[in-house]
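Colleague: So here's input_32.pdb (PDB, C-alpha atoms).
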MODEL        1
ATOM      1  CA  MET A   1     165.760 165.504 333.337
ATOM      2  CA  SER A   2     167.292 166.587 330.034
ATOM      3  CA  PRO A   3     165.931 165.264 326.730
ATOM      4  CA  ILE A   4     169.053 163.141 326.325
ATOM      5  CA  GLU A   5     168.430 161.353 329.600
ATOM      6  CA  HIS A   6     164.755 160.904 328.842
ATOM      7  CA  LYS A   7     163.907 157.276 328.413
ATOM      8  CA  PRO A   8     160.917 156.491 326.245
ATOM      9  CA  SER A   9     157.924 155.226 328.089
ATOM     10  CA  GLN A  10     155.604 152.621 326.665
ATOM     11  CA  ASN A  11     153.353 155.379 325.352
ATOM     12  CA  ASP A  12     156.259 156.953 323.438
ATOM     13  CA  GLN A  13     157.206 153.790 321.574
ATOM     14  CA  ARG A  14     155.947 153.285 318.068
ATOM     15  CA  PRO A  15     154.218 150.010 317.340
ATOM     16  CA  SER A  16     156.654 147.588 315.817
ATOM     17  CA  ALA A  17     156.121 146.710 312.190
ATOM     18  CA  GLU A  18     154.053 143.602 311.950
ATOM     19  CA  LYS A  19     155.400 140.767 309.879
ATOM     20  CA  PRO A  20     153.300 140.119 306.812
ATOM     21  CA  SER A  21     151.115 137.053 306.908
ATOM     22  CA  GLY A  22     151.808 134.072 304.670
ATOM     23  CA  ASP A  23     149.315 135.237 302.025
ATOM     24  CA  GLU A  24     150.763 138.746 302.018
ATOM     25  CA  GLU A  25     154.272 137.342 301.604
ATOM     26  CA  LEU A  26     153.137 135.336 298.587
ATOM     27  CA  VAL A  27     151.544 138.421 297.028
ATOM     28  CA  MET A  28     154.703 140.445 297.705
ATOM     29  CA  LYS A  29     156.813 137.711 296.090
ATOM     30  CA  ARG A  30     154.509 137.676 293.042
ATOM     31  CA  ASN A  31     154.790 141.447 292.755
ATOM     32  CA  ARG A  32     158.581 141.307 293.075
ATOM     33  CA  GLU A  33     158.810 138.625 290.366
ATOM     34  CA  GLY A  34     156.499 140.716 288.166
ATOM     35  CA  MET A  35     158.652 143.797 288.597
ATOM     36  CA  ILE A  36     161.829 141.907 287.644
ATOM     37  CA  PHE A  37     159.999 140.356 284.682
ATOM     38  CA  THR A  38     158.869 143.794 283.516
ATOM     39  CA  LEU A  39     162.362 145.260 283.877
ATOM     40  CA  LEU A  40     163.886 142.424 281.835
ATOM     41  CA  LEU A  41     161.232 142.837 279.158
ATOM     42  CA  GLY A  42     161.899 146.580 279.078
ATOM     43  CA  ALA A  43     165.648 145.961 278.803
ATOM     44  CA  ALA A  44     165.018 143.614 275.855
ATOM     45  CA  LEU A  45     162.875 146.232 274.153
ATOM     46  CA  LEU A  46     165.442 148.959 274.781
ATOM     47  CA  ALA A  47     168.326 146.805 273.504
ATOM     48  CA  SER A  48     166.398 146.118 270.296
ATOM     49  CA  LEU A  49     166.505 149.836 269.475
ATOM     50  CA  TYR A  50     170.315 149.966 269.351
ATOM     51  CA  PRO A  51     172.322 149.166 266.227
ATOM     52  CA  LEU A  52     174.060 145.845 265.706
ATOM     53  CA  PRO A  53     175.797 144.159 267.515
ATOM     54  CA  ALA A  54     174.156 145.628 270.658
ATOM     55  CA  LYS A  55     170.753 144.703 269.196
ATOM     56  CA  LEU A  56     171.565 141.021 269.793
ATOM     57  CA  PHE A  57     171.450 141.622 273.555
ATOM     58  CA  SER A  58     167.686 141.968 273.203
ATOM     59  CA  GLY A  59     167.588 138.201 272.735
ATOM     60  CA  VAL A  60     169.565 137.631 275.916
ATOM     61  CA  PHE A  61     167.256 139.882 277.913
ATOM     62  CA  ALA A  62     164.196 138.294 276.303
ATOM     63  CA  ILE A  63     165.374 134.796 277.279
ATOM     64  CA  ALA A  64     165.882 136.012 280.853
ATOM     65  CA  ALA A  65     162.412 137.617 280.754
ATOM     66  CA  LEU A  66     160.886 134.346 279.559
ATOM     67  CA  VAL A  67     162.540 132.487 282.432
ATOM     68  CA  TRP A  68     161.245 135.140 284.819
ATOM     69  CA  ALA A  69     157.769 134.810 283.289
ATOM     70  CA  VAL A  70     157.735 131.195 284.465
ATOM     71  CA  ARG A  71     158.795 132.317 287.952
ATOM     72  CA  TYR A  72     156.099 135.004 287.840
ATOM     73  CA  PHE A  73     153.396 132.471 286.934
ATOM     74  CA  ILE A  74     154.511 130.130 289.710
ATOM     75  CA  ALA A  75     154.462 132.966 292.256
ATOM     76  CA  GLY A  76     151.071 134.095 290.923
ATOM     77  CA  VAL A  77     149.531 130.652 291.251
ATOM     78  CA  ARG A  78     150.911 130.286 294.774
ATOM     79  CA  SER A  79     149.396 133.640 295.778
ATOM     80  CA  LYS A  80     145.964 132.195 294.898
ATOM     81  CA  GLN A  81     144.684 135.543 293.686
ATOM     82  CA  ALA A  82     143.235 136.250 290.285
ATOM     83  CA  GLY A  83     144.011 139.520 288.673
ATOM     84  CA  GLY A  84     145.915 141.431 286.060
ATOM     85  CA  TRP A  85     149.063 139.443 286.660
ATOM     86  CA  ILE A  86     147.724 136.673 284.406
ATOM     87  CA  VAL A  87     147.178 139.011 281.451
ATOM     88  CA  MET A  88     150.493 140.763 282.019
ATOM     89  CA  GLY A  89     152.321 137.458 282.239
ATOM     90  CA  VAL A  90     150.801 136.034 279.057
ATOM     91  CA  LEU A  91     151.313 139.203 277.009
ATOM     92  CA  GLY A  92     154.820 139.656 278.364
ATOM     93  CA  ALA A  93     155.751 136.047 277.611
ATOM     94  CA  LEU A  94     154.446 136.430 274.047
ATOM     95  CA  ALA A  95     156.437 139.650 273.626
ATOM     96  CA  ALA A  96     159.572 137.965 274.989
ATOM     97  CA  GLY A  97     159.071 135.052 272.592
ATOM     98  CA  TRP A  98     158.696 137.454 269.680
ATOM     99  CA  MET A  99     161.894 139.291 270.659
ATOM    100  CA  ILE A 100     163.758 135.978 270.901
ATOM    101  CA  LEU A 101     162.651 135.102 267.365
ATOM    102  CA  GLN A 102     163.722 138.547 266.158
ATOM    103  CA  ALA A 103     167.147 138.159 267.768
ATOM    104  CA  ILE A 104     167.587 134.726 266.173
ATOM    105  CA  GLY A 105     166.661 136.164 262.787
ATOM    106  CA  MET A 106     169.039 139.048 263.350
ATOM    107  CA  ALA A 107     171.869 136.643 264.224
ATOM    108  CA  VAL A 108     171.200 134.533 261.111
ATOM    109  CA  LEU A 109     171.100 137.582 258.836
ATOM    110  CA  TYR A 110     173.849 139.452 260.674
ATOM    111  CA  PRO A 111     176.118 140.270 257.692
ATOM    112  CA  GLN A 112     173.282 141.569 255.518
ATOM    113  CA  GLN A 113     171.628 143.471 258.367
ATOM    114  CA  LYS A 114     174.919 145.046 259.482
ATOM    115  CA  ALA A 115     175.660 146.172 255.906
ATOM    116  CA  TYR A 116     172.155 147.653 255.642
ATOM    117  CA  GLU A 117     172.456 149.533 258.949
ATOM    118  CA  ASP A 118     175.882 150.885 257.972
ATOM    119  CA  CYS A 119     174.558 151.956 254.571
ATOM    120  CA  VAL A 120     171.567 153.781 256.061
ATOM    121  CA  ALA A 121     173.753 155.432 258.711
ATOM    122  CA  SER A 122     176.095 156.795 256.046
ATOM    123  CA  ALA A 123     173.306 157.853 253.638
ATOM    124  CA  LEU A 124     173.180 161.610 253.285
ATOM    125  CA  THR A 125     170.035 161.869 251.185
ATOM    126  CA  GLU A 126     166.644 160.232 251.132
ATOM    127  CA  GLN A 127     167.446 158.716 247.745
ATOM    128  CA  ALA A 128     170.600 157.075 249.161
ATOM    129  CA  ALA A 129     168.561 155.565 252.010
ATOM    130  CA  VAL A 130     166.033 154.194 249.505
ATOM    131  CA  GLU A 131     168.887 152.674 247.494
ATOM    132  CA  CYS A 132     170.173 151.015 250.681
ATOM    133  CA  GLN A 133     166.750 149.519 251.273
ATOM    134  CA  THR A 134     166.451 148.322 247.662
ATOM    135  CA  GLU A 135     169.894 146.706 247.819
ATOM    136  CA  HIS A 136     169.043 145.049 251.149
ATOM    137  CA  ARG A 137     165.822 143.588 249.746
ATOM    138  CA  SER A 138     167.565 142.280 246.629
ATOM    139  CA  GLN A 139     170.251 140.613 248.788
ATOM    140  CA  LEU A 140     167.599 138.944 250.958
ATOM    141  CA  THR A 141     165.624 137.823 247.894
ATOM    142  CA  LYS A 142     168.770 136.354 246.331
ATOM    143  CA  MET A 143     169.642 134.568 249.572
ATOM    144  CA  LEU A 144     166.130 133.062 249.816
ATOM    145  CA  GLU A 145     166.272 131.947 246.174
ATOM    146  CA  ASP A 146     169.645 130.306 246.802
ATOM    147  CA  LEU A 147     168.195 128.474 249.799
ATOM    148  CA  GLY A 148     165.191 127.311 247.773
ATOM    149  CA  ALA A 149     167.341 126.061 244.891
ATOM    150  CA  GLY A 150     169.749 124.214 247.202
TER
ENDMDL
END
Rewrite the structure of this file - the entire thing - as structure tokens.

Modeller:
Amino acid sequence: MSPIEHKPSQNDQRPSAEKPSGDEELVMKRNREGMIFTLLLGAALLASLYPLPAKLFSGVFAIAALVWAVRYFIAGVRSKQAGGWIVMGVLGALAAGWMILQAIGMAVLYPQQKAYEDCVASALTEQAAVECQTEHRSQLTKMLEDLGAG
């Protein structure tokens, strides 16, 4: 009999992959939700490093990460296992909240922040960059004084 005609006997067959139990499925779901949560948080952090207007996408990713944090906590509670997922979820949710606040602040101060970033990008010397920073601070101080007087 040639190898092509050879039919596998019961000894030749590999054991079929067992389906995970209910508890294992819950742990796998928690891990999957945690991975997506971490990726969204990383995307928010990465987007915050880009110049405006791309920096505003950090808020969008942070909102999605916060939603996924809730899903992660639900999956973690259903898995009925204590562990590092609690710490990761809390710290990640706090980081996402902070990035949301930063994005809101960036959107409110968009004109001033955009002018500052453009000024620093075009500055050729250290002194020019310092002047950009001084001008930015004076604009923010004036804006806050105007808000306080109004």

Colleague: Given the file above and the PyMOL selection byres ((chain A and resi 64) around 12), which residues are selected, and can you give them as a list of chain:residue names?

Modeller: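 Selection result, ordered by chain and number: A:Ile36, A:Phe37, A:Thr38, A:Leu39, A:Leu40, A:Leu41, A:Gly42, A:Ala43, A:Ala44, A:Phe57, A:Ser58, A:Gly59, A:Val60, A:Phe61, A:Ala62, A:Ile63, A:Ala65, A:Leu66, A:Val67, A:Trp68, A:Ala69, A:Val70, A:Arg71, A:Gly92, A:Ala93, A:Ala96, A:Gly97, A:Met99, A:Ile100.
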
Colleague: Skipping near chain neighbours, those fewer than 5 positions away, what residues fall within 9 Å of segment 109-114 of chain A using all atoms listed in the file, listed as an MDAnalysis selection string?

Modeller: chainID A and resid 51:53 104 119 136 139:140

Colleague: By how many Å are atom CA of Asp118 of chain A and atom CA of Ser138 of chain A apart?

Modeller: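 The value is 16.5 Å.
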
Colleague: Could you tell me how far atom CA of Leu49 of chain A lies from atom CA of Arg137 of chain A, in Å and to one decimal?

Modeller: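 Separation of atom CA of Leu49 of chain A and atom CA of Arg137 of chain A: 20.7 Å.
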
Colleague: List every protein, DNA or RNA residue that has at least one atom no more than 12 Å from (157.7, 139.6, 296.1) in the file's coordinates, counting only C-alpha atoms, and write the result as a ChimeraX atom specification.

Modeller: /A:20,22-37,71-72,74-76,78-79

Colleague: Could you tell me how far atom CA of Lys55 of chain A lies from atom CA of Met106 of chain A, in Å and to one decimal?

Modeller: 8.3 Å

Colleague: Hey, could you pull the box centre and edge lengths for segment 72-87 of chain A, axis-aligned, 4 Å padding per side, all listed atoms, to one decimal in Å, as AutoDock Vina command-line options?

Modeller:
--center_x 149.7 --center_y 135.8 --center_z 288.6 --size_x 20.9 --size_y 19.3 --size_z 22.3

Colleague: Using all atoms listed in the file, which of A:Leu91, A:Ala123, A:Ala103, A:Leu144 sits nearest Ala54 of chain A?

Modeller: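 The shortest atom-to-atom distance to Ala54 of chain A comes from A:Ala103.
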
Colleague: Quick one: of A:Val120, A:Ala107, A:Val90, A:Lys80, who's nearest to Glu135 of chain A, counting all atoms listed in the file?

Modeller: A:Val120

Colleague: Could you tell me which of A:Gln102, A:Thr141, A:Gln81, A:Gln133 comes closest to Tyr116 of chain A if we count all atoms listed in the file?

Modeller: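 Counting all atoms listed in the file, the residue closest to Tyr116 of chain A is A:Gln133.
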
Colleague: In terms of the shortest atom-to-atom distance over all atoms listed in the file, which of A:Leu56, A:Val87, A:Ala82, A:Leu124 is closest to Gly105 of chain A?

Modeller: A:Leu56
